[in-house]
>>> print(open('start-v5.txt').read())   # compact mmCIF, C-alpha atoms
# COMPACT_ATOMS: atom_id res chain seq x y z
CA MET A 460 16.84 14.82 -20.44
CA GLY A 461 13.46 15.69 -19.03
CA ASP A 462 10.54 16.42 -21.28
CA VAL A 463 9.84 20.03 -22.14
CA SER A 464 6.54 20.74 -20.42
CA GLY A 465 6.22 24.45 -21.06
CA SER A 466 7.98 27.74 -21.71
CA SER A 467 7.88 31.29 -20.38
CA HIS A 468 8.89 34.75 -21.60
CA SER A 469 10.84 37.13 -19.39
CA ALA A 470 12.13 40.65 -19.97
CA ASN A 471 15.63 41.85 -19.07
CA PRO A 472 17.54 45.12 -19.56
CA ILE A 473 19.14 43.88 -22.77
CA GLY A 474 16.11 42.45 -24.51
CA THR A 475 13.54 39.73 -24.44
CA ALA A 476 14.58 36.07 -24.43
CA VAL A 477 12.59 32.86 -24.54
CA HIS A 478 13.56 30.37 -21.90
CA GLU A 479 12.57 26.72 -21.96
CA VAL A 480 11.41 25.44 -18.62
CA TYR A 481 12.20 21.81 -17.89
CA TRP A 482 9.57 21.03 -15.30
CA SER A 483 11.01 17.58 -14.63
CA ASP A 484 14.17 19.31 -13.39
CA ALA A 485 12.58 22.33 -11.72
CA LEU A 486 9.78 20.39 -9.99
CA PRO A 487 10.65 16.69 -10.27
CA TRP A 488 7.98 15.71 -7.76
CA TRP A 489 5.36 16.85 -10.29
CA ILE A 490 5.53 13.28 -11.51
CA LEU A 491 3.41 12.37 -8.47
CA PHE A 492 0.49 14.23 -10.03
CA ARG A 493 0.92 12.28 -13.25
CA ALA A 494 1.04 9.02 -11.30
CA ALA A 495 -2.16 10.00 -9.48
CA ALA A 496 -3.85 10.46 -12.85
CA TRP A 497 -2.89 6.94 -13.93
CA ALA A 498 -4.53 5.58 -10.77
CA PHE A 499 -7.89 6.33 -12.40
CA THR A 500 -7.23 3.98 -15.32
CA PRO A 501 -9.32 0.77 -15.46
CA THR A 502 -6.21 -1.44 -15.46
CA VAL A 503 -4.91 -0.06 -12.17
CA VAL A 504 -8.33 -0.04 -10.50
CA LEU A 505 -9.12 -3.62 -11.55
CA LEU A 506 -5.71 -4.96 -10.50
CA ALA A 507 -5.95 -3.23 -7.12
CA THR A 508 -9.52 -4.41 -6.58
CA ALA A 509 -8.49 -7.98 -7.36
CA GLY A 510 -5.70 -7.63 -4.82
CA LEU A 511 -8.13 -6.37 -2.19
CA LEU A 512 -10.59 -9.19 -2.77
CA ALA A 513 -7.80 -11.78 -2.67
CA THR A 514 -6.56 -10.31 0.61
CA TRP A 515 -10.06 -10.37 2.08
CA ALA A 516 -10.57 -13.99 0.97
CA GLY A 517 -7.34 -15.16 2.61
CA TRP A 518 -7.97 -13.28 5.82
CA SER A 519 -11.53 -14.54 6.02
CA LEU A 520 -10.19 -18.09 5.75
CA ALA A 521 -7.72 -17.32 8.54
CA ASP A 522 -10.62 -16.12 10.69
CA ARG A 523 -12.56 -19.33 10.05
CA LEU A 524 -9.48 -21.38 10.96
CA ASN A 525 -9.21 -19.32 14.17
CA LEU A 526 -5.60 -18.43 13.40
CA ALA A 527 -6.00 -15.13 15.25
CA GLY A 528 -6.10 -16.90 18.60
CA ALA A 529 -8.07 -15.93 21.67
CA THR A 530 -7.43 -12.20 21.37
CA GLY A 531 -9.04 -12.03 17.93
CA LEU A 532 -6.48 -10.06 15.98
CA ALA A 533 -8.76 -9.38 13.03
CA PRO A 534 -12.49 -8.73 13.18
CA GLN A 535 -14.71 -9.92 10.36
CA ILE A 536 -13.95 -7.93 7.24
CA ASP A 537 -16.78 -6.84 4.99
CA PRO A 538 -15.68 -6.63 1.34
CA ALA A 539 -18.03 -3.69 0.97
CA ALA A 540 -15.90 -1.85 3.54
CA LEU A 541 -12.58 -2.56 1.85
CA GLY A 542 -12.25 1.09 1.00
CA ASP A 543 -11.99 1.78 4.73
CA GLY A 544 -8.92 -0.41 4.99
CA LEU A 545 -8.19 -3.87 6.30
CA ALA A 546 -8.72 -3.77 10.05
CA MET A 547 -6.05 -5.27 12.28
CA PRO A 548 -5.95 -3.86 15.84
CA LEU A 549 -3.06 -4.71 18.11
CA PRO A 550 -3.63 -7.24 20.92
CA ALA A 551 -5.34 -5.81 23.99
CA SER A 552 -2.36 -6.55 26.25
CA PRO A 553 0.04 -4.45 28.34
CA SER A 554 2.39 -2.50 26.09
CA LEU A 555 5.94 -1.27 26.54
CA PRO A 556 6.10 2.43 27.54
CA ALA A 557 7.30 4.30 24.46
CA PRO A 558 9.96 7.01 25.02
CA SER A 559 8.35 9.16 22.32
CA ALA A 560 5.04 9.16 24.21
CA ALA A 561 6.62 11.26 26.96
CA ALA A 562 9.29 13.12 25.01
CA MET A 563 7.37 13.94 21.82
CA PRO A 564 3.61 13.51 22.32
CA GLN A 565 2.88 16.00 19.52
CA ALA A 566 4.93 13.98 17.04
CA ARG A 567 3.12 10.79 17.96
CA GLY A 568 -0.18 12.57 17.43
CA MET A 569 0.82 13.22 13.82
CA LEU A 570 0.32 9.52 13.12
CA GLY A 571 -3.40 10.20 13.35
CA TRP A 572 -3.12 12.24 10.17
CA LEU A 573 -2.24 9.16 8.13
CA PRO A 574 -4.98 7.56 6.00
CA GLU A 575 -6.83 4.87 7.93
CA PRO A 576 -5.82 1.98 5.59
CA LEU A 577 -2.16 2.95 6.01
CA ARG A 578 -2.46 3.15 9.80
CA GLN A 579 -4.12 -0.25 9.91
CA ALA A 580 -1.45 -1.76 7.67
CA MET A 581 1.22 -0.36 10.01
CA ARG A 582 -0.57 -1.84 13.02
CA LEU A 583 -0.64 -5.21 11.30
CA ALA A 584 3.08 -5.01 10.54
CA ALA A 585 3.82 -3.97 14.14
CA THR A 586 2.04 -6.93 15.74
CA PRO A 587 4.88 -9.49 15.27
CA PHE A 588 7.27 -6.99 16.91
CA SER A 589 5.02 -6.39 19.93
CA PRO A 590 6.60 -7.75 23.16
CA SER A 591 3.13 -8.42 24.57
CA ALA A 592 1.92 -10.49 21.61
CA SER A 593 1.14 -14.09 22.51
CA MET A 594 2.07 -17.03 20.32
CA SER A 595 -1.47 -17.15 18.95
CA ASP A 596 -1.29 -13.42 18.24
CA LEU A 597 2.04 -13.94 16.48
CA ALA A 598 0.73 -16.88 14.43
CA GLY A 599 -2.37 -14.98 13.37
CA ALA A 600 -0.43 -11.85 12.44
CA LEU A 601 2.26 -13.74 10.52
CA ALA A 602 -0.37 -15.74 8.62
CA ARG A 603 -2.13 -12.56 7.55
CA LEU A 604 1.11 -10.73 6.82
CA GLY A 605 2.36 -13.63 4.74
CA TRP A 606 -0.83 -13.73 2.70
CA PHE A 607 -0.85 -9.94 2.37
CA VAL A 608 2.72 -9.91 1.04
CA ILE A 609 2.06 -12.79 -1.36
CA VAL A 610 -1.05 -11.16 -2.80
CA TRP A 611 0.47 -7.71 -3.18
CA SER A 612 3.75 -9.11 -4.48
CA ILE A 613 1.67 -10.17 -7.48
CA PHE A 614 -0.62 -7.18 -7.90
CA ALA A 615 1.80 -4.46 -6.75
CA THR A 616 4.49 -5.52 -9.21
CA ALA A 617 1.84 -5.61 -11.96
CA ILE A 618 0.59 -2.11 -11.07
CA THR A 619 4.05 -0.58 -10.66
CA ARG A 620 5.16 -2.06 -13.99
CA HIS A 621 2.10 -0.70 -15.75
CA VAL A 622 2.41 2.78 -14.21
CA ALA A 623 6.17 2.99 -14.72
CA LEU A 624 5.82 2.29 -18.43
CA LYS A 625 3.05 4.88 -18.66
CA LEU A 626 5.13 7.51 -16.87
CA VAL A 627 8.06 7.13 -19.26
CA GLY A 628 5.90 7.05 -22.39
CA GLU A 629 6.35 3.39 -23.23
CA GLU A 630 3.60 0.99 -24.26
CA SER A 631 1.90 -0.29 -21.11
CA LEU A 632 1.24 -3.96 -20.42
CA GLY A 633 -2.50 -3.73 -19.95
CA LEU A 634 -4.58 -5.80 -17.56
CA PHE A 635 -3.76 -9.37 -18.53
CA ARG A 636 -0.12 -8.87 -19.52
CA GLY A 637 0.38 -6.87 -16.35
CA LEU A 638 -1.11 -9.65 -14.26
CA ASP A 639 1.08 -12.16 -16.09
CA TYR A 640 4.11 -10.03 -15.22
CA GLY A 641 3.08 -9.99 -11.55
CA VAL A 642 2.58 -13.76 -11.50
CA LYS A 643 6.06 -14.31 -12.94
CA LYS A 644 7.90 -11.74 -10.81
CA TRP A 645 6.14 -12.02 -7.43
CA PRO A 646 8.77 -14.31 -5.84
CA ALA A 647 11.33 -11.50 -6.01
CA ALA A 648 9.10 -9.05 -4.11
CA PHE A 649 8.01 -11.70 -1.61
CA ASN A 650 11.52 -13.05 -0.98
CA ALA A 651 12.82 -9.53 -0.39
CA ALA A 652 10.48 -9.18 2.60
CA ALA A 653 11.04 -12.78 3.74
CA PHE A 654 14.84 -12.50 3.72
CA VAL A 655 14.83 -9.33 5.81
CA LEU A 656 12.35 -10.81 8.30
CA LEU A 657 14.46 -13.97 8.52
CA GLY A 658 17.53 -11.84 9.22
CA VAL A 659 15.70 -10.03 12.02
CA ALA A 660 14.68 -13.38 13.56
CA VAL A 661 18.23 -14.79 13.42
CA LEU A 662 19.82 -11.67 14.91
CA SER A 663 17.23 -11.73 17.69
CA LEU A 664 18.44 -15.11 19.00
CA PRO A 665 21.11 -13.71 21.40
CA ALA A 666 18.52 -11.44 23.02
CA ALA A 667 16.13 -14.40 23.22
CA ALA A 668 18.83 -16.32 25.11
CA LEU A 669 19.08 -13.45 27.58
CA GLY A 670 15.31 -13.56 27.89
CA LEU A 671 15.62 -17.07 29.31
CA ALA A 672 17.77 -15.67 32.09
CA MET A 673 15.22 -12.89 32.70
CA ARG A 674 12.68 -15.48 33.87
CA THR A 675 14.30 -15.28 37.32
CA GLU A 676 14.83 -12.18 39.44
CA TRP A 677 18.59 -12.78 39.66
CA GLY A 678 18.79 -13.21 35.92
CA LEU A 679 16.71 -10.07 35.42
CA ALA A 680 19.07 -8.09 37.62
CA GLY A 681 22.09 -9.38 35.70
CA VAL A 682 20.60 -8.60 32.30
CA ALA A 683 19.60 -5.13 33.50
CA LEU A 684 23.30 -4.37 34.08
CA ILE A 685 24.18 -5.14 30.47
CA TRP A 686 20.93 -3.77 29.00
CA PRO A 687 22.77 -0.90 27.20
CA VAL A 688 24.60 -3.58 25.20
CA VAL A 689 21.25 -5.13 24.27
CA LEU A 690 19.93 -1.72 23.25
CA ALA A 691 23.01 -1.16 21.07
CA GLY A 692 22.42 -4.45 19.31
CA ALA A 693 18.75 -3.64 18.94
CA VAL A 694 19.67 -0.59 16.86
CA VAL A 695 20.58 -2.96 14.04
CA LEU A 696 17.30 -4.81 14.43
CA ALA A 697 15.42 -1.48 14.46
CA ILE A 698 17.12 -0.44 11.23
CA MET A 699 16.18 -3.72 9.59
CA SER A 700 12.60 -3.63 10.89
CA ILE A 701 11.97 -0.01 9.90
CA GLY A 702 13.64 -0.63 6.56
CA LEU A 703 11.37 -3.61 5.97
CA VAL A 704 8.11 -1.82 6.81
CA ALA A 705 8.96 1.48 5.11
CA GLY A 706 10.96 -0.04 2.28
CA TRP A 707 8.88 -3.00 1.14
CA PRO A 708 6.69 -0.85 -1.15
CA LEU A 709 9.92 0.35 -2.78
CA MET A 710 11.08 -3.27 -3.08
CA ALA A 711 7.93 -4.10 -5.05
CA ALA A 712 8.48 -0.99 -7.17
CA ASN A 713 12.06 -2.06 -7.86
CA VAL A 714 10.79 -5.37 -9.19
CA GLY A 715 8.27 -3.54 -11.35
CA VAL A 716 10.60 -0.85 -12.68
CA GLU A 717 13.98 -2.61 -12.84
CA ARG A 718 12.88 -6.24 -13.17
CA GLY A 719 15.18 -6.72 -10.17
CA ASP A 720 15.67 -9.78 -7.98
CA ALA A 721 15.12 -9.97 -4.23
CA PHE A 722 18.65 -8.90 -3.24
CA GLN A 723 18.63 -5.92 -5.60
CA ALA A 724 15.24 -4.91 -4.23
CA ILE A 725 16.48 -5.09 -0.63
CA SER A 726 19.67 -3.15 -1.33
CA THR A 727 17.89 -0.46 -3.32
CA ALA A 728 15.02 0.03 -0.87
CA PHE A 729 17.26 0.26 2.21
CA SER A 730 19.55 2.67 0.39
CA TYR A 731 16.68 4.97 -0.58
CA VAL A 732 14.93 4.86 2.80
CA PHE A 733 17.99 5.63 4.91
CA GLN A 734 19.91 7.92 2.56
CA ARG A 735 16.94 10.12 1.70
CA PRO A 736 14.40 9.70 4.54
CA LEU A 737 13.23 13.34 4.39
CA HIS A 738 12.85 13.16 0.61
CA TYR A 739 10.82 9.98 1.01
CA ALA A 740 8.63 11.61 3.66
CA PHE A 741 8.16 14.74 1.52
CA TYR A 742 7.06 12.76 -1.51
CA LEU A 743 4.57 10.82 0.60
CA VAL A 744 3.21 14.06 2.06
CA VAL A 745 2.71 15.47 -1.44
CA ALA A 746 1.01 12.22 -2.46
CA GLY A 747 -1.24 12.50 0.59
CA ILE A 748 -2.22 16.04 -0.36
CA VAL A 749 -3.05 14.94 -3.90
CA LEU A 750 -5.03 12.01 -2.48
CA VAL A 751 -7.72 14.29 -1.01
CA PRO A 752 -9.08 15.67 -4.30
CA SER A 753 -8.45 12.32 -5.99
CA LEU A 754 -10.66 10.50 -3.49
CA PHE A 755 -13.28 13.22 -3.82
CA VAL A 756 -13.39 12.80 -7.60
CA ALA A 757 -13.45 8.99 -7.38
CA GLY A 758 -16.14 9.04 -4.69
CA LEU A 759 -18.24 11.57 -6.60
CA PHE A 760 -18.04 9.47 -9.76
CA SER A 761 -19.00 6.23 -7.99
CA ASP A 762 -21.87 7.87 -6.07
CA ALA A 763 -23.16 9.53 -9.23
CA THR A 764 -22.99 6.24 -11.12
CA ALA A 765 -24.99 4.38 -8.48
CA ALA A 766 -27.52 7.17 -8.03
CA ILE A 767 -28.13 7.83 -11.72
CA ALA A 768 -28.56 4.12 -12.49
CA PHE A 769 -31.28 3.83 -9.84
CA TRP A 770 -32.77 7.21 -10.78
CA ALA A 771 -33.19 6.11 -14.39
CA ALA A 772 -34.84 2.86 -13.30
CA SER A 773 -37.10 4.72 -10.87
CA TRP A 774 -39.00 6.30 -13.75
CA GLY A 775 -40.30 2.88 -14.63
CA MET A 776 -40.68 1.51 -11.08
CA GLY A 777 -42.73 4.36 -9.66
CA HIS A 778 -42.27 6.17 -6.36
CA ALA A 779 -43.70 3.48 -4.05
CA ARG A 780 -41.62 0.61 -5.48
CA THR A 781 -38.50 2.78 -5.57
CA ALA A 782 -38.90 3.72 -1.90
CA GLU A 783 -39.42 0.06 -0.99
CA LEU A 784 -36.25 -1.07 -2.75
CA LEU A 785 -34.19 1.81 -1.39
CA GLY A 786 -35.25 0.87 2.14
CA GLY A 787 -34.30 -2.75 1.50
CA LEU A 788 -30.90 -1.80 0.10
CA GLU A 789 -30.25 0.45 3.08
CA THR A 790 -31.02 -2.43 5.44
CA LEU A 791 -28.78 -4.88 3.57
CA ALA A 792 -25.96 -2.35 3.34
CA ALA A 793 -25.81 -2.20 7.13
CA LEU A 794 -25.09 -5.96 7.30
CA PRO A 795 -21.77 -7.74 6.70
CA ALA A 796 -21.52 -9.36 3.27
CA ALA A 797 -21.99 -12.90 4.59
CA ASP A 798 -25.15 -11.94 6.50
CA ALA A 799 -26.52 -9.91 3.59
CA ALA A 800 -26.15 -12.89 1.27
CA THR A 801 -28.40 -15.00 3.53
CA ALA A 802 -30.74 -12.25 4.69
CA ASN A 803 -34.50 -12.60 4.40
CA ALA A 804 -34.78 -10.64 1.16
CA SER A 805 -35.69 -11.37 -2.43
CA TRP A 806 -33.09 -12.64 -4.87
CA GLY A 807 -33.43 -9.47 -6.89
CA LEU A 808 -32.79 -7.21 -3.91
CA ARG A 809 -29.78 -9.26 -2.86
CA GLY A 810 -28.51 -9.08 -6.44
CA LEU A 811 -28.72 -5.29 -6.41
CA ASP A 812 -26.93 -5.25 -3.05
CA PHE A 813 -24.20 -7.47 -4.48
CA TRP A 814 -23.54 -5.11 -7.38
CA HIS A 815 -23.62 -2.11 -5.06
CA ARG A 816 -20.94 -3.78 -2.94
CA CYS A 817 -18.93 -4.47 -6.08
CA LEU A 818 -18.99 -0.77 -6.90
CA THR A 819 -17.88 -0.01 -3.34
CA SER A 820 -15.03 -2.49 -3.69
CA LEU A 821 -13.94 -0.81 -6.93
CA LEU A 822 -13.77 2.47 -5.03
CA GLY A 823 -11.65 0.77 -2.37
CA GLY A 824 -9.49 -0.64 -5.16
CA PHE A 825 -8.91 2.88 -6.41
CA GLY A 826 -7.38 3.81 -3.05
CA TRP A 827 -4.86 0.99 -3.15
CA GLY A 828 -4.23 1.51 -6.86
CA TYR A 829 -3.46 5.15 -6.06
CA PHE A 830 -0.99 4.04 -3.37
CA TRP A 831 0.97 1.79 -5.70
CA SER A 832 0.86 4.36 -8.50
CA VAL A 833 2.42 7.09 -6.36
CA ILE A 834 4.90 4.59 -4.89
CA THR A 835 6.08 3.98 -8.46
CA ALA A 836 6.65 7.72 -8.96
CA THR A 837 8.27 7.97 -5.51
CA TYR A 838 10.67 5.18 -6.44
CA LEU A 839 11.66 7.02 -9.62
CA LEU A 840 12.20 10.23 -7.63
CA LEU A 841 14.33 8.54 -4.96
CA ARG A 842 16.32 6.73 -7.62
CA ARG A 843 17.05 10.12 -9.19
CA ASP A 844 18.02 11.61 -5.81
CA VAL A 845 20.30 8.75 -4.73
CA ASP A 846 21.65 7.21 -7.95
CA GLY A 847 21.31 10.15 -10.34
CA THR A 848 19.29 8.00 -12.75
CA GLU A 849 16.95 9.87 -15.08
CA MET A 850 13.29 9.28 -14.30
CA ASP A 851 12.48 8.22 -17.87
CA GLU A 852 14.62 5.07 -17.61
CA VAL A 853 12.82 1.75 -17.13
CA VAL A 854 14.36 -1.66 -17.77
CA LEU A 855 12.51 -3.06 -20.77
CA ALA A 856 14.59 -6.08 -21.80
CA GLU A 857 14.52 -9.33 -19.90
CA LEU A 858 17.47 -10.14 -17.69
CA PRO A 859 19.69 -13.13 -18.70
CA GLY A 860 17.85 -16.36 -18.02
CA GLU A 861 14.56 -14.58 -17.31
CA ASP A 862 11.32 -15.43 -19.02
CA ALA A 863 9.70 -12.70 -21.10
>>> encode(input="start-v5.txt", output="structure tokens")
Amino acid sequence: MGDVSGSSHSANPIGTAVHEVYWSDALPWWILFRAAAWAFTPTVVLLATAGLLATWAGWSLADRLNLAGATGLAPQIDPAALGDGLAMPLPASPSLPAPSAAAMPQARGMLGWLPEPLRQAMRLAATPFSPSASMSDLAGALARLGWFVIVWSIFATAITRHVALKLVGEESLGLFRGLDYGVKKWPAAFNAAAFVLLGVAVLSLPAAALGLAMRTEWGLAGVALIWPVVLAGAVVLAIMSIGLVAGWPLMAANVGVERGDAFQAISTAFSYVFQRPLHYAFYLVVAGIVLVPSLFVAGLFSDATAAIAFWAASWGMGHARTAELLGGLETLAALPAADAATANASWGLRGLDFWHRCLTSLLGGFGWGYFWSVITATYLLLRRDVDGTEMDEVVLAELPGEDA
């Protein structure tokens, strides 16, 4: 039974009656607002920020090892710009003409409404499926995707577990216990993505064999005759690929909420994505609407914190010294983190720049913490829609043979 969140009085011809309003039943998606509120908690922000910094560290190492190849899949990422997303443009190569570009140009334009970090994550996930991607492009993208999934398998399961327990009124894990949970359960979330990707690769082998024949003009002509058969088989691959990209956040949430294994996470996520796609889209739209004021509040708080700290110190520094340091910080802020650390500036100025970048990274962490918080609520909503499970149910006990 949902919690009683309020009541209302209404008059009728017979008399006046008091009706209890069960908001969890009348407006179940209201839980998204509650999840957004938990995104402001220090535990969620710190876990998400740690995930961002770990992602940046791994991708920076991939850049230094030149895993991106000649096309340079990923530009240098500044940790101070993590709030703007993790950049990953597609290779600058010829692309396959998309049917939707001609048939539904307005619908394709709607993708521009998505938050920039989400668009960039989708572009990263699309790179391995790009026909024009070279082997170096593929290696660079898979290396970054693999690291991304490993990192967020840890931190996403920790965040979703913490938020899920908060949403149902149970005692939360906190920062360190939540991280411990993520460290123990990350293989389930990672393997869920790996198994689906492996299945896509195996089922692609027949088409790859036809591709060998397409190296010649005669072979190309022959394959063109049976291309409808290839397209029919590709429907299965499209279902698996879309289910992987759209469903992996739900897989991580399944591990956090249900303590599930990889196969349960795959089954549940695919079921929710394809049985209730419009519900899923609606919940994400609501979450996107709530994101706007949430980002405004988070940005206002971070800006006010930085400004007031320097304002208070300015009373002791004096106007001239304050203006000098502000100019230096503005110059360093325009540089990538690696260049700023070695710039011709005093240790004190570089220290202030470092802490300013840390505050910026915390703000970026809020964005990703918000994402995983609302994904937790979205999972509970879809579980209610598909399985009829009440939203206040979270698996608390360990499964047989599982560590606490």
>>> residues_near_point(input="start-v5.txt", point="(3.0, -7.5, -23.9)", cutoff="12 Å", atoms="only C-alpha atoms", output="PDB file with C-alpha atoms, in the coordinates of the input")
ATOM      1  CA  ARG A 620       5.160  -2.060 -13.990  1.00  0.00           C
ATOM      2  CA  HIS A 621       2.100  -0.700 -15.750  1.00  0.00           C
ATOM      3  CA  LEU A 624       5.820   2.290 -18.430  1.00  0.00           C
ATOM      4  CA  GLU A 629       6.350   3.390 -23.230  1.00  0.00           C
ATOM      5  CA  GLU A 630       3.600   0.990 -24.260  1.00  0.00           C
ATOM      6  CA  SER A 631       1.900  -0.290 -21.110  1.00  0.00           C
ATOM      7  CA  LEU A 632       1.240  -3.960 -20.420  1.00  0.00           C
ATOM      8  CA  GLY A 633      -2.500  -3.730 -19.950  1.00  0.00           C
ATOM      9  CA  LEU A 634      -4.580  -5.800 -17.560  1.00  0.00           C
ATOM     10  CA  PHE A 635      -3.760  -9.370 -18.530  1.00  0.00           C
ATOM     11  CA  ARG A 636      -0.120  -8.870 -19.520  1.00  0.00           C
ATOM     12  CA  GLY A 637       0.380  -6.870 -16.350  1.00  0.00           C
ATOM     13  CA  LEU A 638      -1.110  -9.650 -14.260  1.00  0.00           C
ATOM     14  CA  ASP A 639       1.080 -12.160 -16.090  1.00  0.00           C
ATOM     15  CA  TYR A 640       4.110 -10.030 -15.220  1.00  0.00           C
ATOM     16  CA  LEU A 855      12.510  -3.060 -20.770  1.00  0.00           C
ATOM     17  CA  ALA A 856      14.590  -6.080 -21.800  1.00  0.00           C
ATOM     18  CA  ALA A 863       9.700 -12.700 -21.100  1.00  0.00           C
TER      19      ALA A 863
END
>>> atom_distance(input="start-v5.txt", atom1="CA of Ala507 in chain A", atom2="CA of Trp827 in chain A")
5.9 Å
>>> closest_residue(input="start-v5.txt", among="A:Val661, A:Ala728, A:Ala757, A:Ala683", to="Val714 in chain A", atoms="only C-alpha atoms")
A:Ala728
>>> residues_around(input="start-v5.txt", residues="Pro665 in chain A", least_positions_apart="3", cutoff="12 Å", atoms="only C-alpha atoms", output="number ranges by chain")
A: 659-662, 668-672, 688-689, 692-693, 696
>>> atom_distance(input="start-v5.txt", atom1="CA of Phe741 in chain A", atom2="CA of Tyr838 in chain A")
12.7 Å
>>> build_atoms(input="start-v5.txt", residues="range 678-692 of chain A", atoms="N, CA, C and O atoms", output="PDB file, in the coordinates of the input")
ATOM      1  N   GLY A 678      18.454 -13.372  37.340  1.00  0.00           N
ATOM      2  CA  GLY A 678      18.790 -13.210  35.920  1.00  0.00           C
ATOM      3  C   GLY A 678      18.358 -11.850  35.391  1.00  0.00           C
ATOM      4  O   GLY A 678      19.073 -11.219  34.605  1.00  0.00           O
ATOM      5  N   LEU A 679      17.181 -11.388  35.833  1.00  0.00           N
ATOM      6  CA  LEU A 679      16.710 -10.070  35.420  1.00  0.00           C
ATOM      7  C   LEU A 679      17.651  -8.978  35.874  1.00  0.00           C
ATOM      8  O   LEU A 679      17.959  -8.056  35.107  1.00  0.00           O
ATOM      9  N   ALA A 680      18.134  -9.091  37.106  1.00  0.00           N
ATOM     10  CA  ALA A 680      19.070  -8.090  37.620  1.00  0.00           C
ATOM     11  C   ALA A 680      20.374  -8.095  36.821  1.00  0.00           C
ATOM     12  O   ALA A 680      20.944  -7.039  36.518  1.00  0.00           O
ATOM     13  N   GLY A 681      20.848  -9.302  36.472  1.00  0.00           N
ATOM     14  CA  GLY A 681      22.090  -9.380  35.700  1.00  0.00           C
ATOM     15  C   GLY A 681      21.945  -8.804  34.303  1.00  0.00           C
ATOM     16  O   GLY A 681      22.811  -8.078  33.816  1.00  0.00           O
ATOM     17  N   VAL A 682      20.824  -9.121  33.650  1.00  0.00           N
ATOM     18  CA  VAL A 682      20.600  -8.600  32.300  1.00  0.00           C
ATOM     19  C   VAL A 682      20.424  -7.089  32.327  1.00  0.00           C
ATOM     20  O   VAL A 682      20.841  -6.375  31.403  1.00  0.00           O
ATOM     21  N   ALA A 683      19.796  -6.577  33.399  1.00  0.00           N
ATOM     22  CA  ALA A 683      19.600  -5.130  33.500  1.00  0.00           C
ATOM     23  C   ALA A 683      20.933  -4.383  33.501  1.00  0.00           C
ATOM     24  O   ALA A 683      21.029  -3.259  32.994  1.00  0.00           O
ATOM     25  N   LEU A 684      21.981  -5.019  34.054  1.00  0.00           N
ATOM     26  CA  LEU A 684      23.300  -4.370  34.080  1.00  0.00           C
ATOM     27  C   LEU A 684      23.895  -4.225  32.682  1.00  0.00           C
ATOM     28  O   LEU A 684      24.626  -3.274  32.409  1.00  0.00           O
ATOM     29  N   ILE A 685      23.606  -5.183  31.826  1.00  0.00           N
ATOM     30  CA  ILE A 685      24.180  -5.140  30.470  1.00  0.00           C
ATOM     31  C   ILE A 685      23.135  -4.708  29.445  1.00  0.00           C
ATOM     32  O   ILE A 685      23.345  -4.876  28.242  1.00  0.00           O
ATOM     33  N   TRP A 686      21.999  -4.158  29.919  1.00  0.00           N
ATOM     34  CA  TRP A 686      20.930  -3.770  29.000  1.00  0.00           C
ATOM     35  C   TRP A 686      21.386  -2.756  27.949  1.00  0.00           C
ATOM     36  O   TRP A 686      20.914  -2.803  26.806  1.00  0.00           O
ATOM     37  N   PRO A 687      22.290  -1.802  28.270  1.00  0.00           N
ATOM     38  CA  PRO A 687      22.770  -0.900  27.200  1.00  0.00           C
ATOM     39  C   PRO A 687      23.387  -1.650  26.023  1.00  0.00           C
ATOM     40  O   PRO A 687      23.282  -1.218  24.875  1.00  0.00           O
ATOM     41  N   VAL A 688      24.040  -2.784  26.285  1.00  0.00           N
ATOM     42  CA  VAL A 688      24.600  -3.580  25.200  1.00  0.00           C
ATOM     43  C   VAL A 688      23.475  -4.158  24.341  1.00  0.00           C
ATOM     44  O   VAL A 688      23.558  -4.197  23.104  1.00  0.00           O
ATOM     45  N   VAL A 689      22.403  -4.599  25.002  1.00  0.00           N
ATOM     46  CA  VAL A 689      21.250  -5.130  24.270  1.00  0.00           C
ATOM     47  C   VAL A 689      20.621  -4.036  23.417  1.00  0.00           C
ATOM     48  O   VAL A 689      20.254  -4.260  22.256  1.00  0.00           O
ATOM     49  N   LEU A 690      20.501  -2.834  23.999  1.00  0.00           N
ATOM     50  CA  LEU A 690      19.930  -1.720  23.250  1.00  0.00           C
ATOM     51  C   LEU A 690      20.795  -1.384  22.034  1.00  0.00           C
ATOM     52  O   LEU A 690      20.269  -1.075  20.957  1.00  0.00           O
ATOM     53  N   ALA A 691      22.116  -1.450  22.198  1.00  0.00           N
ATOM     54  CA  ALA A 691      23.010  -1.160  21.070  1.00  0.00           C
ATOM     55  C   ALA A 691      22.807  -2.181  19.952  1.00  0.00           C
ATOM     56  O   ALA A 691      22.776  -1.834  18.760  1.00  0.00           O
ATOM     57  N   GLY A 692      22.666  -3.447  20.329  1.00  0.00           N
ATOM     58  CA  GLY A 692      22.420  -4.450  19.310  1.00  0.00           C
ATOM     59  C   GLY A 692      21.048  -4.311  18.677  1.00  0.00           C
ATOM     60  O   GLY A 692      20.862  -4.606  17.488  1.00  0.00           O
TER      61      GLY A 692
END
